[in-house]
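Enquirer: Here you go, this is protein.cif (mmCIF, C-alpha atoms).
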data_upload
#
loop_
_atom_site.label_atom_id
_atom_site.label_comp_id
_atom_site.auth_asym_id
_atom_site.auth_seq_id
_atom_site.Cartn_x
_atom_site.Cartn_y
_atom_site.Cartn_z
CA MET A 1 67.34 212.82 12.94
CA GLN A 2 63.98 212.45 14.72
CA THR A 3 60.95 212.39 12.45
CA ILE A 4 57.20 212.83 12.65
CA THR A 5 54.64 210.78 10.72
CA LEU A 6 52.32 212.78 8.46
CA ASN A 7 48.68 211.81 7.90
CA ASN A 8 49.58 209.93 4.71
CA GLY A 9 52.33 207.89 6.40
CA ILE A 10 55.28 209.96 5.13
CA GLN A 11 58.12 210.53 7.59
CA MET A 12 59.15 214.19 7.97
CA PRO A 13 62.19 215.44 9.93
CA LEU A 14 61.35 217.44 13.05
CA LEU A 15 64.13 219.91 12.36
CA GLY A 16 65.03 221.59 9.09
CA TYR A 17 66.73 224.62 7.63
CA GLY A 18 64.62 227.56 6.43
CA VAL A 19 65.73 229.99 3.72
CA PHE A 20 63.21 232.80 4.23
CA ARG A 21 65.08 236.11 3.72
CA VAL A 22 68.19 234.33 2.48
CA ALA A 23 69.31 236.38 -0.51
CA PRO A 24 69.21 234.50 -3.84
CA GLU A 25 72.95 234.94 -4.31
CA GLU A 26 73.58 233.48 -0.83
CA ALA A 27 71.12 230.56 -0.98
CA GLU A 28 73.41 227.98 -2.59
CA ARG A 29 76.20 228.62 -0.10
CA CYS A 30 73.85 228.63 2.91
CA VAL A 31 72.03 225.44 1.91
CA SER A 32 75.37 223.75 1.21
CA ASP A 33 76.53 224.71 4.70
CA ALA A 34 73.29 223.44 6.25
CA LEU A 35 73.58 220.10 4.48
CA GLN A 36 77.20 219.78 5.65
CA VAL A 37 76.09 220.46 9.23
CA GLY A 38 73.60 217.61 8.96
CA TYR A 39 70.24 219.14 8.04
CA ARG A 40 68.23 216.96 5.69
CA MET A 41 65.13 219.12 5.35
CA ILE A 42 65.19 222.42 3.45
CA ASP A 43 62.22 224.81 3.43
CA THR A 44 61.92 227.33 0.60
CA ALA A 45 59.11 229.02 -1.36
CA GLN A 46 58.40 230.52 -4.75
CA ALA A 47 58.13 233.93 -3.10
CA TYR A 48 61.60 233.69 -1.56
CA ASN A 49 63.16 233.85 -5.03
CA ASN A 50 65.87 231.38 -4.02
CA GLU A 51 64.61 228.00 -5.24
CA ASP A 52 67.41 228.02 -7.87
CA GLY A 53 70.08 228.26 -5.19
CA VAL A 54 68.43 225.56 -3.11
CA GLY A 55 68.28 223.23 -6.10
CA ALA A 56 71.89 223.90 -7.05
CA ALA A 57 73.13 223.18 -3.52
CA ILE A 58 71.23 219.90 -3.34
CA ALA A 59 72.41 218.83 -6.79
CA LYS A 60 76.05 219.49 -5.89
CA SER A 61 75.88 218.01 -2.38
CA GLY A 62 76.44 214.39 -3.31
CA ILE A 63 73.58 213.44 -0.97
CA LYS A 64 70.97 211.08 -2.38
CA ARG A 65 67.78 212.91 -3.29
CA GLU A 66 65.70 210.47 -1.26
CA ASP A 67 67.68 211.43 1.84
CA ILE A 68 66.59 215.08 1.58
CA PHE A 69 63.12 216.35 2.49
CA LEU A 70 62.37 219.34 0.27
CA VAL A 71 59.58 221.84 1.03
CA THR A 72 58.31 224.69 -1.14
CA LYS A 73 55.16 226.81 -1.37
CA ILE A 74 52.81 228.21 -4.02
CA TRP A 75 52.57 232.01 -3.87
CA ILE A 76 49.34 234.06 -4.03
CA THR A 77 49.92 235.29 -7.59
CA ASN A 78 50.18 231.65 -8.73
CA ALA A 79 46.84 230.74 -7.14
CA GLY A 80 44.22 228.92 -9.18
CA GLU A 81 44.28 225.49 -10.80
CA GLU A 82 46.01 226.39 -14.06
CA ARG A 83 48.52 228.87 -12.63
CA ALA A 84 49.35 226.64 -9.68
CA ALA A 85 49.94 223.65 -11.96
CA LYS A 86 52.37 225.67 -14.07
CA SER A 87 54.09 227.02 -10.96
CA ILE A 88 54.64 223.48 -9.66
CA GLU A 89 56.43 222.57 -12.89
CA ASP A 90 58.47 225.78 -12.66
CA SER A 91 59.47 224.99 -9.06
CA LEU A 92 60.50 221.46 -10.02
CA LYS A 93 62.79 222.89 -12.69
CA ARG A 94 64.31 225.51 -10.41
CA LEU A 95 64.85 222.91 -7.68
CA GLN A 96 66.37 220.45 -10.19
CA THR A 97 64.20 217.60 -8.99
CA ASP A 98 61.35 215.46 -10.28
CA TYR A 99 59.42 215.54 -7.01
CA ILE A 100 58.78 217.79 -4.00
CA ASP A 101 58.42 216.18 -0.58
CA LEU A 102 55.98 218.75 0.82
CA LEU A 103 54.14 221.42 -1.16
CA LEU A 104 52.19 224.13 0.68
CA VAL A 105 49.67 226.84 -0.19
CA HIS A 106 51.71 229.79 1.10
CA GLN A 107 48.87 232.13 2.12
CA ALA A 108 45.11 231.74 2.58
CA TYR A 109 44.33 234.21 -0.22
CA GLY A 110 43.30 233.94 -3.86
CA ASP A 111 41.85 230.79 -5.42
CA VAL A 112 43.26 228.40 -2.84
CA PHE A 113 40.77 225.67 -3.79
CA GLY A 114 41.92 225.84 -7.41
CA SER A 115 45.53 225.63 -6.23
CA TRP A 116 44.63 222.64 -4.10
CA ARG A 117 43.12 220.78 -7.05
CA ALA A 118 46.40 221.26 -8.93
CA MET A 119 48.31 220.07 -5.86
CA GLU A 120 46.10 217.01 -5.46
CA LYS A 121 46.73 216.15 -9.11
CA ALA A 122 50.50 216.56 -8.64
CA TYR A 123 50.28 214.38 -5.52
CA ARG A 124 48.46 211.61 -7.39
CA GLU A 125 51.00 211.81 -10.21
CA GLY A 126 53.90 211.38 -7.79
CA LYS A 127 55.32 214.86 -8.33
CA VAL A 128 54.57 215.70 -4.68
CA ARG A 129 54.75 213.37 -1.69
CA ALA A 130 52.58 215.42 0.69
CA ILE A 131 50.52 218.61 0.50
CA GLY A 132 49.55 221.19 3.08
CA VAL A 133 48.95 224.84 3.87
CA SER A 134 50.70 227.76 5.48
CA ASN A 135 49.39 230.65 7.59
CA PHE A 136 45.83 229.27 7.72
CA GLN A 137 44.30 230.44 10.99
CA ALA A 138 41.80 228.29 12.91
CA CYS A 139 38.51 229.16 11.20
CA ARG A 140 40.06 229.38 7.74
CA PHE A 141 41.85 226.08 8.31
CA TYR A 142 38.69 224.29 9.41
CA ASP A 143 36.67 225.68 6.50
CA PHE A 144 39.36 224.62 4.03
CA ALA A 145 40.20 221.21 5.48
CA SER A 146 36.56 220.21 5.76
CA SER A 147 36.01 221.00 2.07
CA VAL A 148 38.91 219.26 0.27
CA ASP A 149 39.43 215.61 -0.66
CA ILE A 150 43.02 215.20 0.49
CA LYS A 151 43.39 216.68 3.97
CA PRO A 152 46.35 218.98 4.66
CA ALA A 153 49.33 217.08 6.04
CA VAL A 154 50.90 220.24 7.48
CA ASN A 155 49.93 223.77 8.48
CA GLN A 156 53.00 226.02 8.69
CA LEU A 157 52.43 228.80 11.22
CA GLN A 158 54.36 231.42 13.12
CA CYS A 159 55.14 229.47 16.28
CA CYS A 160 57.71 229.99 19.02
CA VAL A 161 57.81 230.18 22.81
CA LEU A 162 56.10 233.60 22.67
CA CYS A 163 53.31 232.59 20.27
CA GLN A 164 52.52 228.96 20.89
CA GLN A 165 49.50 228.30 18.60
CA ARG A 166 47.59 226.35 21.27
CA THR A 167 44.09 227.36 20.15
CA ILE A 168 44.39 225.90 16.64
CA GLU A 169 45.68 222.52 17.79
CA PRO A 170 42.23 220.89 18.29
CA GLU A 171 41.14 221.91 14.78
CA MET A 172 44.31 220.49 13.23
CA ALA A 173 44.00 217.31 15.28
CA ARG A 174 40.67 216.57 13.54
CA TYR A 175 42.65 215.83 10.38
CA ASP A 176 45.93 214.71 11.97
CA THR A 177 47.52 217.80 10.43
CA LYS A 178 50.99 218.50 11.84
CA MET A 179 52.24 221.95 12.78
CA MET A 180 55.40 223.38 11.24
CA ALA A 181 56.89 226.45 12.91
CA TRP A 182 58.27 229.33 10.89
CA GLY A 183 60.19 231.90 12.90
CA PRO A 184 60.81 229.31 15.66
CA LEU A 185 63.28 231.67 17.33
CA GLY A 186 61.09 234.74 16.91
CA GLN A 187 63.31 235.85 14.02
CA GLY A 188 66.01 236.93 16.46
CA ASN A 189 63.62 238.37 19.06
CA ASP A 190 65.60 239.49 22.12
CA ASP A 191 62.66 238.48 24.33
CA ILE A 192 63.60 234.90 23.43
CA LEU A 193 67.36 235.08 23.10
CA HIS A 194 67.78 236.89 26.44
CA ASN A 195 64.79 235.46 28.30
CA PRO A 196 65.69 234.76 31.95
CA VAL A 197 63.49 231.64 32.18
CA LEU A 198 65.08 230.14 29.07
CA THR A 199 68.54 231.18 30.26
CA GLU A 200 68.07 229.43 33.60
CA ILE A 201 66.72 226.27 31.98
CA GLY A 202 69.52 226.26 29.43
CA ALA A 203 72.14 226.51 32.16
CA LYS A 204 70.97 223.17 33.58
CA TYR A 205 71.66 221.41 30.30
CA GLY A 206 74.59 223.45 29.04
CA LYS A 207 72.44 224.80 26.22
CA THR A 208 71.60 228.24 24.84
CA THR A 209 68.18 229.86 24.97
CA ALA A 210 67.83 229.20 21.23
CA GLN A 211 68.56 225.50 21.70
CA VAL A 212 66.08 225.28 24.58
CA SER A 213 63.43 227.03 22.46
CA LEU A 214 63.90 224.65 19.53
CA ARG A 215 63.95 221.62 21.81
CA TRP A 216 60.67 222.75 23.37
CA LEU A 217 59.04 222.84 19.94
CA ILE A 218 60.14 219.41 18.79
CA GLN A 219 59.10 217.88 22.13
CA ARG A 220 55.63 219.21 21.34
CA GLY A 221 55.81 217.39 18.02
CA ILE A 222 56.16 220.67 16.11
CA VAL A 223 58.51 220.79 13.12
CA ALA A 224 60.97 223.70 13.37
CA ILE A 225 62.88 225.39 10.53
CA PRO A 226 65.35 227.91 12.02
CA LYS A 227 67.23 230.15 9.59
CA SER A 228 70.77 231.46 9.82
CA THR A 229 73.37 232.48 7.27
CA HIS A 230 76.21 231.55 9.67
CA LYS A 231 77.40 227.94 9.64
CA GLU A 232 78.35 227.91 13.32
CA ARG A 233 74.85 229.06 14.26
CA MET A 234 73.31 226.45 11.97
CA ALA A 235 75.36 223.86 13.85
CA ALA A 236 74.24 225.19 17.24
CA ASN A 237 70.58 225.10 16.18
CA PHE A 238 71.07 221.51 15.02
CA ASP A 239 72.59 220.43 18.34
CA ILE A 240 69.35 219.76 20.21
CA PHE A 241 69.03 215.98 20.13
CA ASP A 242 71.32 215.12 23.05
CA PHE A 243 69.04 216.37 25.82
CA ALA A 244 65.36 216.44 26.78
CA LEU A 245 63.44 219.05 28.73
CA SER A 246 61.65 217.90 31.89
CA ASP A 247 57.88 218.27 32.29
CA GLU A 248 58.56 221.12 34.72
CA ASP A 249 60.70 222.89 32.14
CA MET A 250 58.08 222.36 29.44
CA ASN A 251 55.40 223.89 31.67
CA LEU A 252 57.57 226.85 32.61
CA ILE A 253 58.17 227.62 28.95
CA ALA A 254 54.46 227.24 28.21
CA SER A 255 53.85 230.11 30.64
CA LEU A 256 55.82 232.46 28.34
CA ASN A 257 53.02 232.52 25.74
CA GLN A 258 52.23 236.17 24.87
CA LYS A 259 50.11 236.13 21.71
CA ASP A 260 48.93 232.63 20.95
CA THR A 261 48.13 233.05 17.26
CA GLY A 262 51.27 234.95 16.32
CA PHE A 263 52.33 238.55 15.89
CA ARG A 264 50.97 239.10 12.38
CA ASP A 265 47.31 239.73 11.63
CA PHE A 266 46.65 237.75 8.47
CA ALA A 267 43.04 239.01 8.46
CA ASP A 268 44.21 242.62 7.99
CA PRO A 269 43.75 243.82 4.37
CA ASP A 270 46.72 246.15 4.80
CA TYR A 271 48.93 243.16 5.53
CA LEU A 272 47.80 241.48 2.30
CA ARG A 273 48.58 244.65 0.36
CA HIS A 274 51.97 244.75 2.11
CA ILE A 275 53.04 241.22 1.15
CA LEU A 276 51.73 241.59 -2.39
CA GLY A 277 53.81 244.72 -2.65
CA ILE A 278 56.93 242.82 -1.61
CA PHE A 279 56.28 239.83 -3.88
CA PRO A 280 54.05 241.24 -6.64
CA ASN A 281 54.75 238.92 -9.58
CA VAL A 282 56.24 235.65 -8.39
#
Show this structure as structure tokens.
Expert:
Amino acid sequence: MQTITLNNGIQMPLLGYGVFRVAPEEAERCVSDALQVGYRMIDTAQAYNNEDGVGAAIAKSGIKREDIFLVTKIWITNAGEERAAKSIEDSLKRLQTDYIDLLLVHQAYGDVFGSWRAMEKAYREGKVRAIGVSNFQACRFYDFASSVDIKPAVNQLQCCVLCQQRTIEPEMARYDTKMMAWGPLGQGNDDILHNPVLTEIGAKYGKTTAQVSLRWLIQRGIVAIPKSTHKERMAANFDIFDFALSDEDMNLIASLNQKDTGFRDFADPDYLRHILGIFPNV
């Protein structure tokens, strides 16, 4: 597995398995399948309500804990120093582990600075190996990163061939913050899966459009966490380390960018009300 070096020296896999929208009752089976395929990074969150299943799958896998890179995130309703600290302990219990490899602030709302103080404390105590943020857009990221003691190791953003997050890269580079892509396949977007440019490029390498899309991300140094509940698709998504895209291919795919910062407006109050309605009391 290829890795990337975070700003504190920790090695993080460039490809992992994401469990967003994996039902709680399916999480253990799906994570077990992903680990059998070869994935060694699992991305979950308090708001996904499936940390228990993730923890159970890892505990039963027979794989050494140190060989698995585990990511979770603090939800908005757990924001603030005291609440975040308690939520970290709760996540550790649900995940059946005494440390988390990467802990993220899930959304740029609520008392994120209080949450960060709790995360910094957990980091210094060895309960967390690296800390970062998620869905922090350029101005919010710069404001936050310039104000905290420990700089974010990762910013997890919606990133795929159709929304390439180019404009935020210089701001993240100031702090050597790495990008992690959620929805790296556009969450099944047909504009990716049936894209003629990706289809033509894939034909040269004997690869699918999904494999080309994931390969393009990791060649940019962007961590990708595709999700599937089907083991054969997990395996296909994992099969991207036996080829490399040419510079010409990389540039052709770069031309597909439609909405650089993603397809969700995180500055829209209605969106905040929407996600709080879905996950009201995590």
Enquirer: Using all atoms listed in the file, which protein or nucleic acid residues come within 10 Å of Leu103 of chain A? Drop anything in the same chain fewer than 6 positions from it, and give the result as a compact mmCIF listing (two decimals) with C-alpha atoms, in the frame of the given file.
Expert:
# COMPACT_ATOMS: atom_id res chain seq x y z
CA ASP A 43 62.22 224.81 3.43
CA THR A 44 61.92 227.33 0.60
CA ALA A 45 59.11 229.02 -1.36
CA LEU A 70 62.37 219.34 0.27
CA VAL A 71 59.58 221.84 1.03
CA THR A 72 58.31 224.69 -1.14
CA LYS A 73 55.16 226.81 -1.37
CA ILE A 74 52.81 228.21 -4.02
CA ILE A 88 54.64 223.48 -9.66
CA MET A 119 48.31 220.07 -5.86
CA ALA A 122 50.50 216.56 -8.64
CA TYR A 123 50.28 214.38 -5.52
CA LYS A 127 55.32 214.86 -8.33
CA VAL A 128 54.57 215.70 -4.68
CA ARG A 129 54.75 213.37 -1.69
CA ALA A 130 52.58 215.42 0.69
CA ILE A 131 50.52 218.61 0.50
CA GLY A 132 49.55 221.19 3.08
CA VAL A 133 48.95 224.84 3.87
CA SER A 134 50.70 227.76 5.48
CA ALA A 153 49.33 217.08 6.04
CA VAL A 154 50.90 220.24 7.48
Enquirer: Could you tell me which of A:Leu95, A:Ile192, A:Leu14, A:Met172 comes closest to Asp52 of chain A if we count all atoms listed in the file?
Expert: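 Residue with the minimum atom-to-atom distance to Asp52 of chain A: A:Leu95.
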Enquirer: Would you kindly return, as an MDAnalysis selection string, each protein, DNA or RNA residue with an atom no farther than 10 Å from any atom of Lys227 of chain A, considering only C-alpha atoms and excluding same-chain residues fewer than 4 positions away?
Expert: chainID A and resid 16:22 30 34 43 182:185 187:188 233:234 237
Enquirer: Pick from A:Gly277, A:Gly202, A:Gly38, A:Pro170: nearest to Asp239 of chain A, with only C-alpha atoms counted?
Expert: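 Among the listed residues, A:Gly38 lies closest to Asp239 of chain A.
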Enquirer: For each of A:Thr97, A:Asn135, A:Asn50, A:Ser115, take the minimum atom-to-atom distance to Ala267 of chain A, counting all atoms listed in the file, then give the residue where this is smallest.
Expert: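 Of A:Thr97, A:Asn135, A:Asn50, A:Ser115, the one nearest Ala267 of chain A, counting all atoms listed in the file, is A:Asn135.
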Enquirer: Let me know the residues the PyMOL selection byres ((chain A and resi 58) around 10) catches in the file above, as a ChimeraX atom specification.
Expert: /A:28,31-32,35,40,42,53-57,59-65,68,70,95-97
Enquirer: For this structure, which residues satisfy the selection - the PyMOL selection byres ((chain A and resi 176) around 9) - when it is evaluated on the file as given? I want them as JSON, numbers by chain.
Expert: {"A": [6, 7, 151, 152, 153, 154, 172, 173, 174, 175, 177, 178]}
Enquirer: For those residues, write C-alpha atoms to a file as a short mmCIF file (atom, residue, chain, number, x, y, z; two decimals), in the coordinates of the input.
Expert:
data_model
loop_
_atom_site.label_atom_id
_atom_site.label_comp_id
_atom_site.auth_asym_id
_atom_site.auth_seq_id
_atom_site.Cartn_x
_atom_site.Cartn_y
_atom_site.Cartn_z
CA LEU A 6 52.32 212.78 8.46
CA ASN A 7 48.68 211.81 7.90
CA LYS A 151 43.39 216.68 3.97
CA PRO A 152 46.35 218.98 4.66
CA ALA A 153 49.33 217.08 6.04
CA VAL A 154 50.90 220.24 7.48
CA MET A 172 44.31 220.49 13.23
CA ALA A 173 44.00 217.31 15.28
CA ARG A 174 40.67 216.57 13.54
CA TYR A 175 42.65 215.83 10.38
CA THR A 177 47.52 217.80 10.43
CA LYS A 178 50.99 218.50 11.84
#
Enquirer: Would you compute the distance between atom CA of Lys207 of chain A and atom CA of Asn155 of chain A? Give it in Å to one decimal.
Expert: 28.7 Å
Enquirer: Using all atoms listed in the file, which of the listed residues (A:Gln2, A:Gln107, A:Gln11, A:Thr229) sits closest to Ala47 of chain A?
Expert: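 Selected residue with least distance to Ala47 of chain A: A:Gln107.
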Enquirer: Nearest residue to Gln137 of chain A out of A:Ile150, A:Met179, A:Leu162, A:Leu245, using all atoms listed in the file?
Expert: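 Among the listed residues, A:Met179 lies closest to Gln137 of chain A.
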Enquirer: Can you translate the PyMOL selection byres ((chain A and resi 87) around 10) into the concrete residues it hits in this file, as a list in words?
Expert: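 Expected selection for the PyMOL selection byres ((chain A and resi 87) around 10) here is Gln46, Lys73, Ile74, Trp75, Thr77, Asn78, Ala79, Glu81, Glu82, Arg83, Ala84, Ala85, Lys86, Ile88, Glu89, Asp90, Ser91, Leu92, Lys93, Ser115, Ala118 and Val282 of chain A.
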Enquirer: Tell me, in Å to one decimal, how far atom CA of Glu171 of chain A is from atom CA of Tyr142 of chain A.
Expert: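 About the pair atom CA of Glu171 of chain A and atom CA of Tyr142 of chain A: they are 6.4 Å apart.
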Enquirer: Which one of A:Ala27, A:Ala254, A:Ile168, A:Gly126 sits closest to Arg220 of chain A if you count only C-alpha atoms?
Expert: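 That would be A:Ala254, the residue with the smallest distance to Arg220 of chain A.
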Enquirer: What lies within 12 Å of Leu252 of chain A using all atoms listed in the file, ignoring chain neighbours under 3 positions off, as a PyMOL selection string?
Expert: chain A and resi 161+196-198+200-201+212-213+216+245-249+255-257
Enquirer: Which value, in Å to one decimal, gives the distance between atom CA of Arg273 of chain A and atom CA of Glu169 of chain A?
Expert: 28.3 Å
Enquirer: Which residues, written as a PDB file with C-alpha atoms, in the coordinates of the input, have at least one atom at most 7 Å from Cys163 of chain A, with all atoms listed in the file counted and residues fewer than 5 positions away on the same chain left out?
Expert:
ATOM      1  CA  ASN A 257      53.020 232.520  25.740  1.00  0.00           C
ATOM      2  CA  GLN A 258      52.230 236.170  24.870  1.00  0.00           C
ATOM      3  CA  LYS A 259      50.110 236.130  21.710  1.00  0.00           C
ATOM      4  CA  ASP A 260      48.930 232.630  20.950  1.00  0.00           C
ATOM      5  CA  THR A 261      48.130 233.050  17.260  1.00  0.00           C
ATOM      6  CA  GLY A 262      51.270 234.950  16.320  1.00  0.00           C
TER       7      GLY A 262
END
